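These notes concern the structure reproduced below.
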2 protein chains.
Amino acid sequence: MPATPAATTPQPPTGNLLLAALSPPDYERLLPHLEPVALPLGWAVYEPGRRMTHVYFPTEGIVSLLYVMENGASAEIAVTGNEGLVGISLFMGGESTPSRAIVQSAGHAYRLGADILRREFERGGDLQHLLLRYTQALITQMAQTAVCNRHHTVEQQLCRWLLLSLDRLPANKIRMTQELIANMLGVRREGVTEAAGRLQEAGLIHYHRGEITVLDRPKLEQRVCECYAVVKRESDRLLQYGNGPGNAHP
Amino acid sequence: MPATPAATTPQPPTGNLLLAALSPPDYERLLPHLEPVALPLGWAVYEPGRRMTHVYFPTEGIVSLLYVMENGASAEIAVTGNEGLVGISLFMGGESTPSRAIVQSAGHAYRLGADILRREFERGGDLQHLLLRYTQALITQMAQTAVCNRHHTVEQQLCRWLLLSLDRLPANKIRMTQELIANMLGVRREGVTEAAGRLQEAGLIHYHRGEITVLDRPKLEQRVCECYAVVKRESDRLLQYGNGPGNAHP
DNA sequence: GCAGTTCTGTGCGTTAGCGCACACAACGAA
DNA sequence: TTCGTTGTGTGCGCTAACGCACAGAACTGC
């Protein structure tokens, strides 16, 4: 590996859109408790049934919420990037979930201890509203994943997955093998190979040993099923933020 | 129709487990605002994108959260009965969702105006915690629906659907045509006919023109995929309530 | 340069589920 | 009773995706 992909410019906490949307006093109060951590590729941010100790606010990278079945088969339920946080069950009250969270694209995050988070959440201000709205966006994503799994082809789902990933990455390159994509989508690796082959054929993407480059995003958006747009529209609607410390300078 | 299925004994608000779990003062404060309403079969409790005006706490009946695609195909995302409420986006902050809520089994509910609900939610007490824990249970159900749609056969999904319905009904009879079940599962009607035929063959159920009777629940639980147990276990874990007005008399 | 590993391509046969077309049985109202 | 409606059974060709088995290409370490 020539360079660790996480070694991009380290971002301040406002690299996370939720933190950036906090009002200055809320942000200031949180700041001393925010601890920067790396999100190395493949790391399990949390495991099913395990009591969580922190929530993670990514500034770069992608974290997949993944369910792994008894027989080892898996399916991705949702993804999170710098627009959200990982560990909603801490403020939802459950403390754990039956799914895992796996770093799918390396990056960085700021984490917050469970007790601090709960204390702030109980104040009922900005932070609470932001976290709940984000949670609703996440719910929409899960619901649409269920629909997509039911009705759409592997190719359509691959398009959706690429676009969701792209939305959470700075460039148009995705480092991920077809094998891993297949795990996420819960399909065969060969199925991904075929679908990706067709997309490359059509000039929408180019890939080469674990690195996918999106060449023609508009065309990709033409091929994808409606699920992507539903999730995107609802996310945009729910997560349009006011003037936090991240955008307080007009 | 010989008798409207909703015409069972009308229940007090404590017929809903969330309301029943409230502390007496919280419950008393809510009581004057709770308005009893019927949930007639097929009624849309809410429509996609429409601003909701009330949340509904069912005491009997089942409400399906359903997504309908552009081409008319549909898929159920989750179900709610007297263990929960319909309209979480009101306190999550989104005011609406891209999915519908349809009464799948007629019953009754108590509804609460949006402003009252938000006011109570903002107090940050029992009600908030109950609603959020319920929401997490719902999230688990959605996630597992996504997984199930990905990996399991129609027959397994039918078993899951039957058990989830049974858990929310007083008797072992489900009034629902195979056509409608197919809509919920997002599969062909014929697929349901075949799967149900096999289950009847094996003596697990008996059905006759829109009425399904579960004869051997243990055997159903043997045939179902792990998804049912995951959802059930997590619901039980998250929704084990303390001593509200509903169980204050030992 | 060579050996081992990782990633992708391809070619089978198999199967679950689809779409369609109809037959028929049960029920409800006239 | 008769007729329309509603719900279920069945057959048949078709397709997407599966499981498996390899082959070859690309990169890694020695």
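Residues in the structure tokens are named by chain (A, B, ... in the order shown) and by number from 1 within that chain; ligands are numbered from 1 in the order shown.
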Chain A near chain C within 10 Å: what's each residue's closest atom pair and its distance in Å to one decimal, counting only C-alpha atoms (C1' of nucleotides), ordered by chain then ascending residue number, as a Markdown table?
```
| residue | atom | partner | partner_atom | distance |
| --- | --- | --- | --- | --- |
| A:Thr177 | CA | C:DC7 | C1' | 7.5 |
| A:Gln178 | CA | C:DC7 | C1' | 8.2 |
| A:Glu179 | CA | C:DC7 | C1' | 8.5 |
| A:Arg189 | CA | C:DT8 | C1' | 9.7 |
| A:Glu190 | CA | C:DG9 | C1' | 8.7 |
| A:Thr193 | CA | C:DT8 | C1' | 7.2 |
| A:Glu194 | CA | C:DG9 | C1' | 8.8 |
| A:Gly197 | CA | C:DG9 | C1' | 9.5 |
| A:His208 | CA | C:DT8 | C1' | 8.8 |
| A:Arg209 | CA | C:DC7 | C1' | 5.7 |
| A:Gly210 | CA | C:DC7 | C1' | 7.5 |
```
How would the residues just chosen look if you wrote them out with C-alpha atoms as a PDB file, in the first residue's frame?
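Below is the file result.pdb, written as the result:
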```pdb
ATOM      1  CA  THR A 177     -12.777  -4.404  -4.635  1.00  0.00           C
ATOM      2  CA  GLN A 178     -15.709  -6.002  -6.393  1.00  0.00           C
ATOM      3  CA  GLU A 179     -15.627  -8.721  -3.782  1.00  0.00           C
ATOM      4  CA  ARG A 189     -18.967 -11.216  -6.632  1.00  0.00           C
ATOM      5  CA  GLU A 190     -19.512 -12.377 -10.227  1.00  0.00           C
ATOM      6  CA  THR A 193     -18.168  -8.100 -12.077  1.00  0.00           C
ATOM      7  CA  GLU A 194     -20.805  -8.397 -14.785  1.00  0.00           C
ATOM      8  CA  GLY A 197     -18.334  -4.596 -16.791  1.00  0.00           C
ATOM      9  CA  HIS A 208      -8.852  -1.426 -12.137  1.00  0.00           C
ATOM     10  CA  ARG A 209      -7.982  -3.718  -9.267  1.00  0.00           C
ATOM     11  CA  GLY A 210      -9.895  -2.228  -6.426  1.00  0.00           C
TER      12      GLY A 210
END
```
Practice task
Please identify all polymer residues within 12 Å of Ala78 of chain B, counting only C-alpha atoms (C1' of nucleotides), omitting same-chain residues fewer than 5 positions from it, and present them as a PyMOL selection string.
Solution key: (chain A and resi 139+142-144+146-147) or (chain B and resi 62-67+84-86+99-102+104+135+137-146+148+160-161+164-165+184-185+228+231)
Distance table requested - chain D against chain B, cut-off 10 Å, only C-alpha atoms (C1' of nucleotides): one row per qualifying residue with the closest atom pair and its distance in Å to one decimal, ordered by chain and rising residue number, as a tab-separated table.
```
residue	atom	partner	partner_atom	distance
D:DT6	C1'	B:Arg209	CA	8.8
D:DG7	C1'	B:Arg209	CA	5.6
D:DT8	C1'	B:Thr193	CA	7.3
D:DG9	C1'	B:Thr193	CA	7.9
D:DT10	C1'	B:Glu190	CA	9.5
```
Using only C-alpha atoms, which residues of chain B come within 8 Å of chain A, and what is the closest atom pair for each, with the distance in Å to one decimal? Give it as a Markdown table, sorted by chain and residue number.
```
| residue | atom | partner | partner_atom | distance |
| --- | --- | --- | --- | --- |
| B:Tyr67 | CA | A:Val147 | CA | 7.2 |
| B:Ser74 | CA | A:Val147 | CA | 7.8 |
| B:Ala75 | CA | A:Val147 | CA | 5.8 |
| B:Glu76 | CA | A:Val147 | CA | 7.9 |
| B:Ile77 | CA | A:Ala143 | CA | 5.9 |
| B:Ser89 | CA | A:Gln136 | CA | 7.0 |
| B:Met92 | CA | A:Leu132 | CA | 5.1 |
| B:Gly93 | CA | A:Arg133 | CA | 5.5 |
| B:Gly94 | CA | A:Leu238 | CA | 6.2 |
| B:Thr97 | CA | A:Thr140 | CA | 7.6 |
| B:Pro98 | CA | A:Val230 | CA | 7.4 |
| B:Glu122 | CA | A:Gly124 | CA | 6.7 |
| B:Gly124 | CA | A:Glu122 | CA | 6.7 |
| B:His129 | CA | A:Gly93 | CA | 6.9 |
| B:Leu132 | CA | A:Met92 | CA | 5.1 |
| B:Arg133 | CA | A:Gly93 | CA | 5.5 |
| B:Thr135 | CA | A:Met92 | CA | 7.6 |
| B:Gln136 | CA | A:Met92 | CA | 6.3 |
| B:Ile139 | CA | A:Ile139 | CA | 6.6 |
| B:Thr140 | CA | A:Thr97 | CA | 7.5 |
| B:Met142 | CA | A:Ala143 | CA | 6.0 |
| B:Ala143 | CA | A:Ile77 | CA | 5.9 |
| B:Thr145 | CA | A:Ala146 | CA | 6.0 |
| B:Ala146 | CA | A:Ala146 | CA | 3.7 |
| B:Val147 | CA | A:Ala75 | CA | 5.8 |
| B:Asn149 | CA | A:Arg150 | CA | 5.3 |
| B:Arg150 | CA | A:Asn149 | CA | 5.3 |
| B:His151 | CA | A:Gly186 | CA | 7.6 |
| B:Gly186 | CA | A:Arg150 | CA | 6.8 |
| B:Val230 | CA | A:Pro98 | CA | 7.4 |
| B:Glu234 | CA | A:Pro98 | CA | 7.8 |
| B:Leu238 | CA | A:Gly94 | CA | 6.2 |
```
For the selection just defined, write its residues with N, CA and C atoms to a file, as a CSV table (one decimal), in the first residue's frame.
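After the write, part19.csv holds the following:
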```csv
chain,number,residue,atom,x,y,z
B,67,TYR,N,-43.8,1.3,1.1
B,67,TYR,CA,-43.4,2.2,0.1
B,67,TYR,C,-43.9,1.8,-1.2
B,74,SER,N,-44.9,-2.3,-4.8
B,74,SER,CA,-44.8,-1.9,-3.4
B,74,SER,C,-44.0,-2.8,-2.5
B,75,ALA,N,-43.6,-2.4,-1.4
B,75,ALA,CA,-42.9,-3.2,-0.4
B,75,ALA,C,-43.1,-2.7,1.0
B,76,GLU,N,-43.4,-3.6,1.9
B,76,GLU,CA,-43.6,-3.2,3.3
B,76,GLU,C,-42.3,-3.0,3.9
B,77,ILE,N,-42.2,-2.0,4.8
B,77,ILE,CA,-41.0,-1.6,5.4
B,77,ILE,C,-41.0,-2.1,6.9
B,89,SER,N,-42.1,10.6,12.4
B,89,SER,CA,-41.4,11.8,11.9
B,89,SER,C,-41.9,13.1,12.5
B,92,MET,N,-39.4,13.2,15.3
B,92,MET,CA,-38.0,13.1,14.7
B,92,MET,C,-37.7,14.4,14.0
B,93,GLY,N,-38.7,15.2,13.7
B,93,GLY,CA,-38.4,16.5,13.1
B,93,GLY,C,-38.6,16.7,11.6
B,94,GLY,N,-38.9,15.6,10.9
B,94,GLY,CA,-39.1,15.6,9.5
B,94,GLY,C,-40.5,16.0,9.0
B,97,THR,N,-42.7,11.7,5.6
B,97,THR,CA,-41.8,10.6,5.1
B,97,THR,C,-42.1,10.3,3.7
B,98,PRO,N,-41.2,9.6,2.9
B,98,PRO,CA,-41.6,9.2,1.6
B,98,PRO,C,-42.5,8.0,1.5
B,122,GLU,N,-40.7,17.6,24.1
B,122,GLU,CA,-39.6,18.5,24.4
B,122,GLU,C,-39.4,18.5,25.9
B,124,GLY,N,-38.8,16.1,27.6
B,124,GLY,CA,-37.6,15.2,27.8
B,124,GLY,C,-37.8,14.1,28.8
B,129,HIS,N,-38.3,9.2,26.1
B,129,HIS,CA,-37.5,8.0,26.1
B,129,HIS,C,-38.2,6.8,25.5
B,132,LEU,N,-38.4,7.2,21.7
B,132,LEU,CA,-37.1,7.0,21.0
B,132,LEU,C,-36.7,5.5,21.0
B,133,ARG,N,-37.0,4.9,22.2
B,133,ARG,CA,-36.7,3.4,22.2
B,133,ARG,C,-37.6,2.7,21.2
B,135,THR,N,-38.7,3.9,18.5
B,135,THR,CA,-38.2,4.2,17.2
B,135,THR,C,-37.0,3.3,16.9
B,136,GLN,N,-36.2,3.1,17.9
B,136,GLN,CA,-35.0,2.2,17.6
B,136,GLN,C,-35.5,0.8,17.3
B,139,ILE,N,-36.5,0.8,13.7
B,139,ILE,CA,-35.3,0.8,12.9
B,139,ILE,C,-34.8,-0.6,12.7
B,140,THR,N,-34.7,-1.3,13.8
B,140,THR,CA,-34.3,-2.7,13.7
B,140,THR,C,-35.2,-3.5,12.7
B,142,MET,N,-36.9,-2.4,10.2
B,142,MET,CA,-36.6,-2.0,8.9
B,142,MET,C,-35.3,-2.6,8.3
B,143,ALA,N,-34.3,-2.5,9.2
B,143,ALA,CA,-33.0,-3.1,8.8
B,143,ALA,C,-33.2,-4.6,8.4
B,145,THR,N,-35.8,-6.1,7.6
B,145,THR,CA,-36.6,-6.3,6.3
B,145,THR,C,-35.7,-6.2,5.1
B,146,ALA,N,-34.8,-5.2,5.2
B,146,ALA,CA,-33.8,-5.1,4.1
B,146,ALA,C,-33.0,-6.4,3.9
B,147,VAL,N,-32.5,-6.9,5.0
B,147,VAL,CA,-31.8,-8.2,4.9
B,147,VAL,C,-32.6,-9.3,4.4
B,149,ASN,N,-35.3,-9.2,2.6
B,149,ASN,CA,-35.6,-9.1,1.1
B,149,ASN,C,-34.4,-9.5,0.3
B,150,ARG,N,-33.3,-9.3,0.8
B,150,ARG,CA,-32.1,-9.6,0.1
B,150,ARG,C,-31.9,-11.1,0.0
B,151,HIS,N,-32.0,-11.8,1.1
B,151,HIS,CA,-31.5,-13.2,1.2
B,151,HIS,C,-32.5,-14.3,1.3
B,186,GLY,N,-44.1,-7.5,-1.5
B,186,GLY,CA,-43.5,-7.1,-2.8
B,186,GLY,C,-43.2,-8.2,-3.7
B,230,VAL,N,-34.6,-12.0,15.3
B,230,VAL,CA,-33.8,-10.8,15.6
B,230,VAL,C,-34.7,-9.6,15.9
B,234,GLU,N,-35.0,-8.0,19.8
B,234,GLU,CA,-34.7,-6.6,19.9
B,234,GLU,C,-35.9,-5.8,20.4
B,238,LEU,N,-35.9,-3.7,23.9
B,238,LEU,CA,-36.1,-2.2,23.9
B,238,LEU,C,-37.4,-1.8,24.6
```
Skipping near chain neighbours, those fewer than 5 positions away, what residues fall within 10 Å of segment 12-21 of chain B using only C-alpha atoms (C1' of nucleotides), listed as a PDB file with N, CA and C atoms, in the first residue's frame?
```pdb
ATOM      1  N   ASP B  26     -47.526  11.751  33.879  1.00  0.00           N
ATOM      2  CA  ASP B  26     -47.401  11.973  32.440  1.00  0.00           C
ATOM      3  C   ASP B  26     -48.670  11.532  31.733  1.00  0.00           C
ATOM      4  N   TYR B  27     -49.141  10.391  32.142  1.00  0.00           N
ATOM      5  CA  TYR B  27     -50.345   9.834  31.513  1.00  0.00           C
ATOM      6  C   TYR B  27     -51.550  10.752  31.727  1.00  0.00           C
ATOM      7  N   LEU B  30     -51.501  13.740  29.508  1.00  0.00           N
ATOM      8  CA  LEU B  30     -51.778  13.460  28.105  1.00  0.00           C
ATOM      9  C   LEU B  30     -53.251  13.154  27.866  1.00  0.00           C
ATOM     10  N   LEU B  31     -53.849  12.494  28.830  1.00  0.00           N
ATOM     11  CA  LEU B  31     -55.194  11.914  28.676  1.00  0.00           C
ATOM     12  C   LEU B  31     -56.216  12.845  28.020  1.00  0.00           C
ATOM     13  N   LEU B  34     -55.952  12.961  24.243  1.00  0.00           N
ATOM     14  CA  LEU B  34     -56.009  11.738  23.437  1.00  0.00           C
ATOM     15  C   LEU B  34     -57.408  11.572  22.873  1.00  0.00           C
ATOM     16  N   GLU B  35     -57.475  11.470  21.562  1.00  0.00           N
ATOM     17  CA  GLU B  35     -58.757  11.405  20.892  1.00  0.00           C
ATOM     18  C   GLU B  35     -58.930  10.022  20.253  1.00  0.00           C
ATOM     19  N   PRO B  36     -59.961   9.274  20.672  1.00  0.00           N
ATOM     20  CA  PRO B  36     -60.157   7.935  20.097  1.00  0.00           C
ATOM     21  C   PRO B  36     -60.587   8.021  18.637  1.00  0.00           C
ATOM     22  N   TYR B  56     -50.561   8.487  15.960  1.00  0.00           N
ATOM     23  CA  TYR B  56     -51.598   7.514  16.310  1.00  0.00           C
ATOM     24  C   TYR B  56     -51.010   6.418  17.184  1.00  0.00           C
ATOM     25  N   PHE B  57     -51.651   6.216  18.333  1.00  0.00           N
ATOM     26  CA  PHE B  57     -51.264   5.127  19.221  1.00  0.00           C
ATOM     27  C   PHE B  57     -52.314   4.022  19.099  1.00  0.00           C
ATOM     28  N   PRO B  58     -52.071   2.989  18.316  1.00  0.00           N
ATOM     29  CA  PRO B  58     -53.080   1.940  18.156  1.00  0.00           C
ATOM     30  C   PRO B  58     -53.295   1.162  19.457  1.00  0.00           C
ATOM     31  N   THR B  59     -54.534   0.797  19.692  1.00  0.00           N
ATOM     32  CA  THR B  59     -54.819  -0.129  20.795  1.00  0.00           C
ATOM     33  C   THR B  59     -55.143  -1.515  20.247  1.00  0.00           C
ATOM     34  N   GLU B  60     -55.762  -1.545  19.063  1.00  0.00           N
ATOM     35  CA  GLU B  60     -55.911  -2.814  18.327  1.00  0.00           C
ATOM     36  C   GLU B  60     -55.663  -2.504  16.856  1.00  0.00           C
ATOM     37  N   GLY B  81     -48.246  -2.197  15.753  1.00  0.00           N
ATOM     38  CA  GLY B  81     -49.518  -2.540  16.392  1.00  0.00           C
ATOM     39  C   GLY B  81     -49.631  -1.769  17.689  1.00  0.00           C
ATOM     40  N   ASN B  82     -50.214  -2.391  18.684  1.00  0.00           N
ATOM     41  CA  ASN B  82     -50.433  -1.662  19.936  1.00  0.00           C
ATOM     42  C   ASN B  82     -49.152  -1.502  20.750  1.00  0.00           C
ATOM     43  N   GLU B  83     -48.034  -2.010  20.218  1.00  0.00           N
ATOM     44  CA  GLU B  83     -46.760  -1.826  20.928  1.00  0.00           C
ATOM     45  C   GLU B  83     -46.097  -0.511  20.570  1.00  0.00           C
ATOM     46  N   GLY B  84     -46.660   0.200  19.579  1.00  0.00           N
ATOM     47  CA  GLY B  84     -45.944   1.384  19.118  1.00  0.00           C
ATOM     48  C   GLY B  84     -46.829   2.551  18.757  1.00  0.00           C
ATOM     49  N   LEU B  85     -46.355   3.333  17.829  1.00  0.00           N
ATOM     50  CA  LEU B  85     -47.151   4.458  17.342  1.00  0.00           C
ATOM     51  C   LEU B  85     -46.831   4.698  15.883  1.00  0.00           C
ATOM     52  N   HIS B 108     -58.510   0.195  16.479  1.00  0.00           N
ATOM     53  CA  HIS B 108     -58.728   1.522  17.040  1.00  0.00           C
ATOM     54  C   HIS B 108     -57.398   2.122  17.463  1.00  0.00           C
ATOM     55  N   ALA B 109     -57.425   3.434  17.596  1.00  0.00           N
ATOM     56  CA  ALA B 109     -56.232   4.121  18.065  1.00  0.00           C
ATOM     57  C   ALA B 109     -56.644   5.360  18.848  1.00  0.00           C
ATOM     58  N   TYR B 110     -55.695   5.904  19.591  1.00  0.00           N
ATOM     59  CA  TYR B 110     -55.863   7.231  20.161  1.00  0.00           C
ATOM     60  C   TYR B 110     -54.869   8.126  19.455  1.00  0.00           C
ATOM     61  N   ARG B 111     -55.357   9.271  19.042  1.00  0.00           N
ATOM     62  CA  ARG B 111     -54.434  10.140  18.350  1.00  0.00           C
ATOM     63  C   ARG B 111     -54.163  11.410  19.159  1.00  0.00           C
ATOM     64  N   ASP B 126     -40.237  10.695  30.424  1.00  0.00           N
ATOM     65  CA  ASP B 126     -40.653   9.334  30.052  1.00  0.00           C
ATOM     66  C   ASP B 126     -41.024   9.202  28.585  1.00  0.00           C
ATOM     67  N   LEU B 127     -41.951  10.084  28.186  1.00  0.00           N
ATOM     68  CA  LEU B 127     -42.508   9.947  26.844  1.00  0.00           C
ATOM     69  C   LEU B 127     -41.396   9.987  25.807  1.00  0.00           C
ATOM     70  N   LEU B 130     -39.500   6.734  25.827  1.00  0.00           N
ATOM     71  CA  LEU B 130     -40.301   5.637  25.283  1.00  0.00           C
ATOM     72  C   LEU B 130     -40.375   5.718  23.766  1.00  0.00           C
ATOM     73  N   LEU B 131     -40.651   6.914  23.268  1.00  0.00           N
ATOM     74  CA  LEU B 131     -40.805   7.077  21.826  1.00  0.00           C
ATOM     75  C   LEU B 131     -39.498   6.772  21.101  1.00  0.00           C
ATOM     76  N   TYR B 134     -38.835   3.056  21.138  1.00  0.00           N
ATOM     77  CA  TYR B 134     -39.699   2.411  20.150  1.00  0.00           C
ATOM     78  C   TYR B 134     -39.159   2.640  18.741  1.00  0.00           C
ATOM     79  N   LEU B 239     -38.372  -2.647  24.502  1.00  0.00           N
ATOM     80  CA  LEU B 239     -39.691  -2.189  24.939  1.00  0.00           C
ATOM     81  C   LEU B 239     -40.166  -2.842  26.223  1.00  0.00           C
ATOM     82  N   GLN B 240     -39.249  -3.271  27.030  1.00  0.00           N
ATOM     83  CA  GLN B 240     -39.674  -3.794  28.330  1.00  0.00           C
ATOM     84  C   GLN B 240     -39.895  -2.613  29.267  1.00  0.00           C
ATOM     85  N   TYR B 241     -41.153  -2.422  29.622  1.00  0.00           N
ATOM     86  CA  TYR B 241     -41.504  -1.201  30.331  1.00  0.00           C
ATOM     87  C   TYR B 241     -41.573  -1.404  31.830  1.00  0.00           C
ATOM     88  N   GLY B 242     -41.428  -0.310  32.499  1.00  0.00           N
ATOM     89  CA  GLY B 242     -41.559  -0.308  33.954  1.00  0.00           C
ATOM     90  C   GLY B 242     -43.019  -0.256  34.369  1.00  0.00           C
ATOM     91  N   ASN B 243     -43.301   0.474  35.440  1.00  0.00           N
ATOM     92  CA  ASN B 243     -44.664   0.484  35.975  1.00  0.00           C
ATOM     93  C   ASN B 243     -45.412   1.755  35.602  1.00  0.00           C
ATOM     94  N   GLY B 244     -46.062   1.723  34.473  1.00  0.00           N
ATOM     95  CA  GLY B 244     -46.952   2.808  34.094  1.00  0.00           C
ATOM     96  C   GLY B 244     -48.337   2.542  34.653  1.00  0.00           C
ATOM     97  N   PRO B 245     -49.331   3.330  34.234  1.00  0.00           N
ATOM     98  CA  PRO B 245     -50.691   3.167  34.739  1.00  0.00           C
ATOM     99  C   PRO B 245     -51.287   1.835  34.308  1.00  0.00           C
ATOM    100  N   GLY B 246     -50.788   1.271  33.229  1.00  0.00           N
ATOM    101  CA  GLY B 246     -51.361   0.048  32.686  1.00  0.00           C
ATOM    102  C   GLY B 246     -51.006  -1.177  33.498  1.00  0.00           C
ATOM    103  N   ASN B 247     -49.885  -1.118  34.186  1.00  0.00           N
ATOM    104  CA  ASN B 247     -49.512  -2.278  35.002  1.00  0.00           C
ATOM    105  C   ASN B 247     -49.119  -1.845  36.416  1.00  0.00           C
ATOM    106  N   ALA B 248     -49.866  -0.895  36.928  1.00  0.00           N
ATOM    107  CA  ALA B 248     -49.589  -0.369  38.267  1.00  0.00           C
ATOM    108  C   ALA B 248     -50.326  -1.155  39.346  1.00  0.00           C
TER     109      ALA B 248
END
```
Practice task
Please identify which residues in segment 114-219 of chain A DSSP calls helix (DSSP H, G or I) from the backbone, and express them as a VMD selection string.
Solution key: chain A and resid 114 to 123 126 to 151 154 to 166 178 to 185 189 to 201 217 to 219
Please, could you write that set of residues out with C-alpha atoms as a PDB file, in the first residue's frame?
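Saved result, again24.pdb, follows:
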```pdb
ATOM      1  CA  ALA A 114     -21.539   8.211  25.728  1.00  0.00           C
ATOM      2  CA  ASP A 115     -22.155  10.115  28.951  1.00  0.00           C
ATOM      3  CA  ILE A 116     -21.258  13.484  27.456  1.00  0.00           C
ATOM      4  CA  LEU A 117     -23.427  12.789  24.442  1.00  0.00           C
ATOM      5  CA  ARG A 118     -26.391  11.829  26.572  1.00  0.00           C
ATOM      6  CA  ARG A 119     -25.971  14.856  28.783  1.00  0.00           C
ATOM      7  CA  GLU A 120     -25.954  17.159  25.780  1.00  0.00           C
ATOM      8  CA  PHE A 121     -28.819  15.331  24.146  1.00  0.00           C
ATOM      9  CA  GLU A 122     -30.942  15.696  27.276  1.00  0.00           C
ATOM     10  CA  ARG A 123     -30.527  19.458  27.119  1.00  0.00           C
ATOM     11  CA  ASP A 126     -29.828  22.127  18.666  1.00  0.00           C
ATOM     12  CA  LEU A 127     -27.871  18.953  19.058  1.00  0.00           C
ATOM     13  CA  GLN A 128     -30.940  16.900  19.870  1.00  0.00           C
ATOM     14  CA  HIS A 129     -32.817  18.226  16.886  1.00  0.00           C
ATOM     15  CA  LEU A 130     -29.896  17.700  14.550  1.00  0.00           C
ATOM     16  CA  LEU A 131     -29.320  14.154  15.701  1.00  0.00           C
ATOM     17  CA  LEU A 132     -32.971  13.244  15.399  1.00  0.00           C
ATOM     18  CA  ARG A 133     -33.323  14.734  11.958  1.00  0.00           C
ATOM     19  CA  TYR A 134     -30.222  12.872  10.871  1.00  0.00           C
ATOM     20  CA  THR A 135     -31.712   9.705  12.311  1.00  0.00           C
ATOM     21  CA  GLN A 136     -34.809  10.201  10.240  1.00  0.00           C
ATOM     22  CA  ALA A 137     -32.680  10.563   7.121  1.00  0.00           C
ATOM     23  CA  LEU A 138     -30.975   7.326   8.079  1.00  0.00           C
ATOM     24  CA  ILE A 139     -34.360   5.650   8.490  1.00  0.00           C
ATOM     25  CA  THR A 140     -35.289   6.726   4.984  1.00  0.00           C
ATOM     26  CA  GLN A 141     -32.102   5.228   3.674  1.00  0.00           C
ATOM     27  CA  MET A 142     -32.823   1.919   5.408  1.00  0.00           C
ATOM     28  CA  ALA A 143     -36.381   1.822   4.157  1.00  0.00           C
ATOM     29  CA  GLN A 144     -35.244   2.477   0.620  1.00  0.00           C
ATOM     30  CA  THR A 145     -32.579  -0.195   0.915  1.00  0.00           C
ATOM     31  CA  ALA A 146     -35.327  -2.645   1.772  1.00  0.00           C
ATOM     32  CA  VAL A 147     -37.347  -1.577  -1.266  1.00  0.00           C
ATOM     33  CA  CYS A 148     -34.317  -1.671  -3.538  1.00  0.00           C
ATOM     34  CA  ASN A 149     -33.335  -5.141  -2.360  1.00  0.00           C
ATOM     35  CA  ARG A 150     -36.813  -6.307  -3.165  1.00  0.00           C
ATOM     36  CA  HIS A 151     -37.329  -4.886  -6.625  1.00  0.00           C
ATOM     37  CA  VAL A 154     -27.844  -5.848  -9.269  1.00  0.00           C
ATOM     38  CA  GLU A 155     -26.822  -3.245 -11.811  1.00  0.00           C
ATOM     39  CA  GLN A 156     -29.265  -0.677 -10.490  1.00  0.00           C
ATOM     40  CA  GLN A 157     -28.173  -1.366  -6.961  1.00  0.00           C
ATOM     41  CA  LEU A 158     -24.549  -1.029  -7.934  1.00  0.00           C
ATOM     42  CA  CYS A 159     -25.330   2.374  -9.424  1.00  0.00           C
ATOM     43  CA  ARG A 160     -27.086   3.385  -6.240  1.00  0.00           C
ATOM     44  CA  TRP A 161     -24.173   2.202  -4.163  1.00  0.00           C
ATOM     45  CA  LEU A 162     -21.652   4.075  -6.302  1.00  0.00           C
ATOM     46  CA  LEU A 163     -23.626   7.291  -6.092  1.00  0.00           C
ATOM     47  CA  LEU A 164     -24.146   7.048  -2.350  1.00  0.00           C
ATOM     48  CA  SER A 165     -20.413   6.471  -1.937  1.00  0.00           C
ATOM     49  CA  LEU A 166     -19.496   9.267  -4.290  1.00  0.00           C
ATOM     50  CA  GLN A 178     -15.709  -6.002  -6.393  1.00  0.00           C
ATOM     51  CA  GLU A 179     -15.627  -8.721  -3.782  1.00  0.00           C
ATOM     52  CA  LEU A 180     -16.288  -6.192  -1.022  1.00  0.00           C
ATOM     53  CA  ILE A 181     -18.963  -4.394  -3.003  1.00  0.00           C
ATOM     54  CA  ALA A 182     -20.666  -7.759  -3.425  1.00  0.00           C
ATOM     55  CA  ASN A 183     -20.601  -8.222   0.356  1.00  0.00           C
ATOM     56  CA  MET A 184     -22.206  -4.841   0.829  1.00  0.00           C
ATOM     57  CA  LEU A 185     -24.924  -5.451  -1.709  1.00  0.00           C
ATOM     58  CA  ARG A 189     -18.967 -11.216  -6.632  1.00  0.00           C
ATOM     59  CA  GLU A 190     -19.512 -12.377 -10.227  1.00  0.00           C
ATOM     60  CA  GLY A 191     -22.728 -10.424 -10.340  1.00  0.00           C
ATOM     61  CA  VAL A 192     -20.839  -7.262  -9.508  1.00  0.00           C
ATOM     62  CA  THR A 193     -18.168  -8.100 -12.077  1.00  0.00           C
ATOM     63  CA  GLU A 194     -20.805  -8.397 -14.785  1.00  0.00           C
ATOM     64  CA  ALA A 195     -22.702  -5.275 -13.819  1.00  0.00           C
ATOM     65  CA  ALA A 196     -19.520  -3.240 -13.445  1.00  0.00           C
ATOM     66  CA  GLY A 197     -18.334  -4.596 -16.791  1.00  0.00           C
ATOM     67  CA  ARG A 198     -21.459  -3.274 -18.463  1.00  0.00           C
ATOM     68  CA  LEU A 199     -21.060   0.119 -16.818  1.00  0.00           C
ATOM     69  CA  GLN A 200     -17.438   0.290 -17.934  1.00  0.00           C
ATOM     70  CA  GLU A 201     -18.433  -0.819 -21.437  1.00  0.00           C
ATOM     71  CA  ARG A 217     -21.995  10.786 -13.162  1.00  0.00           C
ATOM     72  CA  PRO A 218     -25.030  12.127 -15.067  1.00  0.00           C
ATOM     73  CA  LYS A 219     -25.321   8.887 -17.013  1.00  0.00           C
TER      74      LYS A 219
END
```
